[in-house]
Each structure stands twice: as structure tokens, then as C-alpha cells.
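Peer 1: Submitted below is the structure of interest, expressed as C-alpha cells.
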Amino acid sequence: MSLLSELNSISPLVKEYAKDVFQTFGLTKEELLEQTRCNIYLAHKNTDTSVKKVVKFYRRCKKSSQRFYNEVAIAKKLKHPNVIIFEEAASFPKHHALIMPYCELGALYNMIGKVPIHISEHYFLQTCSAVKYLHDNFIVHRDIKLDNILVDANQKVYLTDFDMSCTVSWESSIVHNAGGTTGYRAPEMVMSPKGSYDGYKLDVFALGVVLFCLIFEKDVEDLDETSMSYLDMVKTYIWTFPVHFYKNVLECMLEPDPKARWDMRGLIKGLGQASWLAARVSNL
């Protein structure tokens with residue numbers, strides 16, 4: 001599909017408004033939740049302050065607008081219980097914005113070291129279900145990380161942030177040029193930032209970093225740049241029951257050679273080897 005055709009298919013989902021997003025949708029801004037390439041704010045409904053929403057802003061310039069329309073194009077194809085979808089996509093004189101549900105517990109990095117292993121497994125399996133769904137539908141996320149996995153008050157997990165995502169064909173999962181976030185990028189991407197990569201294997205490596213953080217109770221930002229690689233830490237760690245099961249899982253997800261690295265099918269099969277996970281994994 002050409003870019004013009006793609007934009008035409010998106011346009012019915014994106015309305016233009018003369019005022020800003022808060023005035024248009026009856027919201028009051030509360031606080032800035034994240035300030036990166038897109039600013040993300042918490043807001044509440046003017047008519048009911050208990051109703052919280054998240055507003056994601058894109059500047060109205062060429063690069064940011066492209067990310068906005070890309071996120072809308074990808075998200076409109078998705079329907080999964082562990083994938084968060086915007087409620088409104090709209091454009092304004094100085095910005096674009098997405099309005100999304102609010103997840104009370106925030107990003108998954110807030111849970112690091114604060115929950116027992118069975119809850120971490122619960123988070124991870126839900127994330128796996130979301131990523132498997134994407135890959136089954138020929139979509140590569142390209143920015144899986146703790147920040148993009150949200151948790152609500154019922155411990156339900158949602159994968160979010162699709163502005164770097166892309167579709168691939170059933171014949172090939174190759175993507176081009178570097179994406180993702182430092183600390184989650186696969187070795188082949190770090191070594192060759194302008195190369196071509198198996199997008200599914202990039203996602204699995206990033207998902208492996210998420211699992212590493214949950215098991216080792218460390219955020220990537222807590223790791224010194226001069227410290228051992230994730231894989232070296234996995235291999236030299238003194239494993240105990242029951243988490244010792246994850247040694248092989250992590251080794252296969254963080255494998256430097258993408259050809260030898262697990263894809264999602266391999267990961268699901270590997271997780272199913274644990275008796276306490278088998279029933280849940282079979283439903284992913």
C-alpha cells in the first residue's frame with residue numbers, strides 16, 4: 001500500500017479540532033508522566049475527577065506526525081486483551097494526540113523487586129501473549145521494554161506504544177535500520193545500526209531483557225555500562241529453585257546469534273516445559 005493510500009485509510013480515525021485536546025475532550029491536565037519523543041500526561045474528566053485518562057502528545061512536525069500516523073495505522077489493526085488501544089486519535093493546530101485508558105500501577109519497571117516470582121511470571125506471560133499476537137499478525141513492535149508494558153489495578157498487563165512498530169510479510173520478517181531503546185537492542189542491531197534484521201528475533205531479545213529484569217530484580221538503568229552482558233550474568237548467576245528454570249529460557253532469548261535465538265513459537269514451547277506454567281502457556 002502506498003503512503004497516500006495508507007494515510008487515506010487512517011484519516012477517518014483522526015479528526016481535526018480547532019482547540020487543544022483538553023478543551024476538546026473535557027479533560028483537566030494533572031501531571032507529566034513521561035517526557036521523551038512524545039510527552040505523556042495524566043488527566044481526568046472534568047465531569048468526574050475519578051475518571052483518569054492518559055494523553056499522548058506528538059508535536060505537529062514531519063517526524064513526529066509520521067510516528068503519530070504510524071501508531072494509529074498499527075493500532076487500528078489490533079484487538080487483544082493485553083494490548084492497549086487508544087480511545088481517541090485527533091489532530092489540533094499545534095499537536096496530535098491519543099487518549100488512552102489509565103493503568104493505575106503504571107509501567108512494569110515500578111513492579112521490579114516489589115512482587116513475588118509468581119506475580120512476575122503472571123506479568124511476563126501476559127506480555128508474551130501480546131507479542132505472540134503481534135507476530136501472528138505480522139507486526140513487529142520494535143520497542144518492547146519495561147516502560148511500554150503497563151499494569152492496571154487488577155494486575156492485568158497491557159503492551160503499548162506502537163509508533164515504532166511495523167508490518168512485515170508472511171514471507172519475511174526482515175526490518176531495516178535501528179529502532180528500539182538502548183539496553184533492549186539485540187547485539188546484531190548494536191553492531192550494525194543501519195543493517196537489516198529479523199524483526200521477530202529483535203522483539204524476542206527485548207522480551208528477554210524484560211524477563212531478565214523481572215528475574216534479577218534490576219532495571220536496565222541500574223546496570224553499569226561496563227558490567228557483564230545480560231547473557232554473561234545469566235550464565236554466571238548462582239541459580240536456585242524455582243527460578244533456575246529460567247536460566248535456559250534466558251540463554252535462548254538472549255542468544256547473540258539471531259538464527260539460533262528463539263522466536264515466539266520456541267519461547268512458548270520452552271515455557272511450557274515448566275509444569276507450573278504448562279496450563280497457562282497452552283492458552284497463549
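Identifiers in the C-alpha cells: chain A, B, ... in order shown; residue index from 1 per chain; ligand index from 1 in order shown.
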Write out as a list in words each polymer residue whose atoms come within 12 Å of Ile119 (chain A), counting only C-alpha atoms; drop sequence neighbours fewer than 5 positions from it.
Peer 2: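 The neighbour list is Leu108, Met111, Ile112, Gly113, Lys114, Phe124, Leu125, Gln126, Val151, Asn154, Gln155, Lys156, Val157, Leu214 and Ile215 of chain A.
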Peer 1: So that I can see what lies close to region 236-252 of chain A, please list as a VMD selection string the residues with an atom at most 7 Å from it, counting only C-alpha atoms and leaving out residues fewer than 3 positions away in the same chain.
Peer 2: chain A and resid 208 231 to 233 255 261 to 262 270
Peer 1: Would you list the contacts of His135 (chain A) as number ranges by chain, taking every protein, DNA or RNA residue within 12 Å and counting only C-alpha atoms, but skipping same-chain residues closer than 4 positions in sequence?
Peer 2: A: 78, 128-131, 139-142, 165-170, 172-173, 198-204, 263-265
Peer 1: Could you please take those selected residues and save C-alpha atoms as a PDB file, in the first residue's frame?
Peer 2:
ATOM      1  CA  LEU A  78      -5.124  -4.695  16.879  1.00  0.00           C
ATOM      2  CA  CYS A 128       4.211 -12.940  25.814  1.00  0.00           C
ATOM      3  CA  SER A 129       0.571 -13.351  24.815  1.00  0.00           C
ATOM      4  CA  ALA A 130       0.537  -9.797  23.418  1.00  0.00           C
ATOM      5  CA  VAL A 131       3.808 -10.227  21.499  1.00  0.00           C
ATOM      6  CA  ILE A 139       3.567  -6.980  13.246  1.00  0.00           C
ATOM      7  CA  VAL A 140       6.933  -6.231  14.850  1.00  0.00           C
ATOM      8  CA  HIS A 141       6.729  -3.999  17.913  1.00  0.00           C
ATOM      9  CA  ARG A 142      10.353  -2.768  17.777  1.00  0.00           C
ATOM     10  CA  SER A 165       6.101  -0.701  15.045  1.00  0.00           C
ATOM     11  CA  CYS A 166       5.870  -2.014  11.507  1.00  0.00           C
ATOM     12  CA  THR A 167       4.201  -4.717   9.496  1.00  0.00           C
ATOM     13  CA  VAL A 168       6.122  -7.455   7.703  1.00  0.00           C
ATOM     14  CA  SER A 169       5.068 -10.001   5.120  1.00  0.00           C
ATOM     15  CA  TRP A 170       4.262 -13.644   5.752  1.00  0.00           C
ATOM     16  CA  SER A 172       9.870 -12.424   5.517  1.00  0.00           C
ATOM     17  CA  SER A 173      10.121 -10.736   8.932  1.00  0.00           C
ATOM     18  CA  ASP A 198      14.795 -10.389  11.664  1.00  0.00           C
ATOM     19  CA  GLY A 199      12.192  -8.220  13.407  1.00  0.00           C
ATOM     20  CA  TYR A 200      10.663 -11.095  15.340  1.00  0.00           C
ATOM     21  CA  LYS A 201      14.050 -12.006  16.813  1.00  0.00           C
ATOM     22  CA  LEU A 202      14.619  -8.350  17.817  1.00  0.00           C
ATOM     23  CA  ASP A 203      11.361  -8.443  19.768  1.00  0.00           C
ATOM     24  CA  VAL A 204      12.286 -11.732  21.449  1.00  0.00           C
ATOM     25  CA  ASP A 263      11.253 -16.967  18.096  1.00  0.00           C
ATOM     26  CA  MET A 264       7.919 -16.688  19.914  1.00  0.00           C
ATOM     27  CA  ARG A 265       6.978 -20.244  18.974  1.00  0.00           C
TER      28      ARG A 265
END
Peer 1: Would you mind writing down, as JSON, numbers by chain, each residue of region 72-234 of chain A that DSSP on the backbone assigns to helix (DSSP H, G or I)?
Peer 2: {"A": [72, 73, 74, 75, 108, 109, 110, 111, 117, 118, 119, 120, 121, 122, 123, 124, 125, 126, 127, 128, 129, 130, 131, 132, 133, 134, 135, 136, 146, 147, 148, 187, 188, 189, 190, 191, 199, 200, 201, 202, 203, 204, 205, 206, 207, 208, 209, 210, 211, 212, 213, 214, 215, 216, 220, 221, 222, 230, 231, 232, 233, 234]}
Peer 1: If you count only C-alpha atoms, which residues fall within 7 Å of region 28-33 of chain A, apart from same-chain ones fewer than 3 positions away, as an MDAnalysis selection string?
Peer 2: chainID A and resid 22 40:46
Peer 1: By how many Å are CA of Val51 (chain A) and CA of Gln23 (chain A) apart?
Peer 2: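 The value is 15.9 Å.
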Peer 1: For the atom pair CA of Val54 (chain A) and CA of Asn110 (chain A), what is the interatomic distance in Å to one decimal place?
Peer 2: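 One can read the CA of Val54 (chain A) to CA of Asn110 (chain A) distance as 17.2 Å.
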Peer 1: What does the distance between CA of Val14 (chain A) and CA of Glu88 (chain A) come to in Å, to one decimal place?
Peer 2: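 So the two atoms, CA of Val14 (chain A) and CA of Glu88 (chain A), lie 8.0 Å apart.
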Peer 1: Between A:Gln35, A:Thr160, A:Ser275, A:Thr127, which one has atoms that come closest to Leu207 (chain A), using only C-alpha atoms?
Peer 2: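 Ranked by minimum distance to Leu207 (chain A), first place goes to A:Thr127.
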Peer 1: Where does DSSP see strand (DSSP E or B) in region 28-240 of chain A, if you list the residues as a ChimeraX atom specification?
Peer 2: /A:28-35,39-45,48-59,83,88-91,95-101,106-107,139-140,149-151,157-159,166-167,174-176,196-198
